[in-house]
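Since the structure comes first, as structure tokens, the remarks are kept for the end.
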Amino acid sequence: MGLLNGQKMLDLSRLLPGPYSSLLLADLGMEVLKIEDLEMGDYMRKMGPARKEDSAYFLAVNRNKKSMTLNLKRKEGKEIFFRLIDTYDVILESFRPGVMDRLGLGYEDLKKGNPRVILASLSGYGQDGPYRERSGHDINYIGLGGVLDLMGRKDDLPVIPGVQIADLGAGGMMSAIAILAAIIHRGKTGEGQHLDVSMLDGVISWLSIHAAKYFLDGELPKRGETHLTGRYACYHVYETKDGRYLSLGALEPKFWKNFCEVIGRKDLIHKQYVEGKERGRLIQEVQKILRMKTQKEWVDVFKNADACCEPILNLE
């Protein structure tokens, strides 16, 4: 039994952002009934390696859920759907803006059947505005949102992240938070809500500290040139002797001091935030030192050191 026991959702979403959102809520105890069409269903079922009939990708984000097929284009399907919202009064959808209205299942239609209904509409660019009809994927949202431009090394191409930032964070998590807030609001007022969750909006919100600095000093943040994207030796990625990597996050002077003492280079302590050519030379010097041992050897060396130096791991 979870904290959301007693809450019920109809999940009409597909692929990753919506199903990840409903997964978070299902793991907290919400009863989630996944609704799929009769023709293709959620095509994540057929993507990647499969276990029996469903792919590993689909199973990963659809645990703890019930499922059924329903033809929402037919009168009978709509009637069943409206009967369901008597008890399943939270609805998540990720269609193009306007599709629910064309199906006769828009918010105004739904609240006539149940004034307490919460409809969460998750899309790339929101339910209104000039981009509402545009298609897109994670790479587009973080590109337009300004996040992708900050990822990667100086004077190199932007680097596509290894996980879907906009899909999972700006889409899945933001919509789950919005749904929880709407449930609290409904508990106080008895009223449902229509939630407009835009993945692009969510991405832009993560640029708060970068935007604040830019609005203050007028200097555009550049890839690989900010405190947290590799400008300084104390916050960097380094290769080890065996071709693996370490992450160093010694931003605070006390952690950088500890790091320098562990590697036997107290002479580097005062150089933490040097600029100019000396900054590049310091990064190269630290890299030279860390390439002298394997990742495992450095893990052992830093085991009891308070230096924010950790191995970069993979699924193995």
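In the structure tokens, each chain is lettered A, B, ... as it comes, each chain's residues begin at 1, and ligands are numbered from 1 in order of appearance.
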(request) Based on DSSP run over this structure's backbone, return all residues of region 47-163 of chain A in helix (DSSP H, G or I), as a PyMOL selection string. (result) chain A and resi 56-61+75-84+99-102+107-113+138-144+148-150
(request) Find the residues around Arg83 (chain A) up to 9 Å (only C-alpha atoms counted), leave out those fewer than 5 positions away in its own chain, and share them as a ChimeraX atom specification. (result) /A:78,88,113
(request) Would you list the contacts of region 211-224 of chain A as a list in words, taking every protein, DNA or RNA residue within 7 Å and counting only C-alpha atoms, but skipping same-chain residues closer than 4 positions in sequence? (result) Asp149, Leu150, Met151, Gly152, Arg153, Lys154, Leu207, Thr229, Gly230 and Arg231 of chain A
For the residues selected in the previous step, produce a file with C-alpha atoms as a PDB file, in the first residue's frame.
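The result, written out as result.pdb:
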```pdb
ATOM      1  CA  ASP A 149      24.159  24.050 -26.422  1.00  0.00           C
ATOM      2  CA  LEU A 150      25.833  23.844 -22.992  1.00  0.00           C
ATOM      3  CA  MET A 151      26.668  20.139 -23.190  1.00  0.00           C
ATOM      4  CA  GLY A 152      30.091  19.029 -24.378  1.00  0.00           C
ATOM      5  CA  ARG A 153      33.641  20.292 -24.540  1.00  0.00           C
ATOM      6  CA  LYS A 154      34.810  23.744 -25.519  1.00  0.00           C
ATOM      7  CA  LEU A 207      18.455  27.240 -17.099  1.00  0.00           C
ATOM      8  CA  THR A 229      30.885  22.196 -17.495  1.00  0.00           C
ATOM      9  CA  GLY A 230      34.635  21.666 -17.256  1.00  0.00           C
ATOM     10  CA  ARG A 231      36.178  25.127 -17.060  1.00  0.00           C
TER      11      ARG A 231
END
```
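Residues within 12 Å of Arg63 (chain A), counting only C-alpha atoms and excluding same-chain residues fewer than 4 positions away, are Pro19, Tyr20, Ser21, Ser22, Leu23, Leu24, Leu25, Ala26, Asp27, Gly29, Glu31, Val32, Leu33, Lys34, Asp54, Ala56, Tyr57, Phe58, Leu59 and Ser67 of chain A.
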Can I get the selection written as a tab-separated table (two decimals), in the first residue's frame, with N, CA and C atoms?
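Output file selection35.tsv follows:
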```
chain	number	residue	atom	x	y	z
A	19	PRO	N	4.36	7.47	-19.90
A	19	PRO	CA	4.48	6.24	-19.11
A	19	PRO	C	5.44	6.36	-17.93
A	20	TYR	N	6.50	7.15	-18.07
A	20	TYR	CA	7.40	7.34	-16.92
A	20	TYR	C	6.69	8.12	-15.82
A	21	SER	N	5.88	9.10	-16.20
A	21	SER	CA	5.12	9.86	-15.22
A	21	SER	C	4.15	8.96	-14.45
A	22	SER	N	3.37	8.17	-15.19
A	22	SER	CA	2.41	7.28	-14.53
A	22	SER	C	3.11	6.19	-13.75
A	23	LEU	N	4.32	5.80	-14.17
A	23	LEU	CA	5.11	4.83	-13.41
A	23	LEU	C	5.47	5.38	-12.03
A	24	LEU	N	5.89	6.64	-11.98
A	24	LEU	CA	6.23	7.26	-10.70
A	24	LEU	C	5.03	7.23	-9.76
A	25	LEU	N	3.87	7.53	-10.31
A	25	LEU	CA	2.65	7.57	-9.50
A	25	LEU	C	2.20	6.16	-9.11
A	26	ALA	N	2.34	5.21	-10.03
A	26	ALA	CA	1.98	3.82	-9.73
A	26	ALA	C	2.87	3.26	-8.62
A	27	ASP	N	4.15	3.61	-8.67
A	27	ASP	CA	5.07	3.14	-7.62
A	27	ASP	C	4.72	3.73	-6.26
A	29	GLY	N	1.62	4.05	-5.33
A	29	GLY	CA	0.37	3.44	-4.91
A	29	GLY	C	-0.84	3.78	-5.74
A	31	GLU	N	-3.49	3.57	-8.63
A	31	GLU	CA	-3.93	2.52	-9.55
A	31	GLU	C	-3.97	3.10	-10.96
A	32	VAL	N	-3.15	2.58	-11.84
A	32	VAL	CA	-3.04	3.10	-13.20
A	32	VAL	C	-3.58	2.07	-14.19
A	33	LEU	N	-4.55	2.49	-14.97
A	33	LEU	CA	-5.10	1.66	-16.04
A	33	LEU	C	-4.65	2.26	-17.37
A	34	LYS	N	-3.81	1.52	-18.07
A	34	LYS	CA	-3.26	2.00	-19.35
A	34	LYS	C	-4.24	1.69	-20.46
A	54	ASP	N	6.55	-8.35	-25.31
A	54	ASP	CA	6.81	-6.94	-25.02
A	54	ASP	C	8.30	-6.66	-24.87
A	56	ALA	N	11.84	-4.84	-23.63
A	56	ALA	CA	12.41	-4.47	-22.33
A	56	ALA	C	12.12	-3.02	-22.00
A	57	TYR	N	12.14	-2.16	-23.02
A	57	TYR	CA	11.87	-0.74	-22.81
A	57	TYR	C	10.45	-0.53	-22.29
A	58	PHE	N	9.50	-1.23	-22.91
A	58	PHE	CA	8.10	-1.09	-22.50
A	58	PHE	C	7.91	-1.58	-21.06
A	59	LEU	N	8.47	-2.74	-20.77
A	59	LEU	CA	8.29	-3.32	-19.44
A	59	LEU	C	8.92	-2.44	-18.35
A	67	SER	N	-3.92	-2.81	-17.87
A	67	SER	CA	-4.04	-2.31	-19.24
A	67	SER	C	-5.29	-2.87	-19.91
```
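With CA of Phe82 (chain A) on one side and CA of Asp101 (chain A) on the other, the separation reads 14.2 Å.
CA of Asp86 (chain A) to CA of Val99 (chain A) spans 21.7 Å [interatomic distance, one decimal].
For the set A:Gly249, A:Met100, A:Glu316, A:Ser13, the residue with the smallest atom-to-atom gap to Gly171 (chain A) is A:Ser13, counting only C-alpha atoms.
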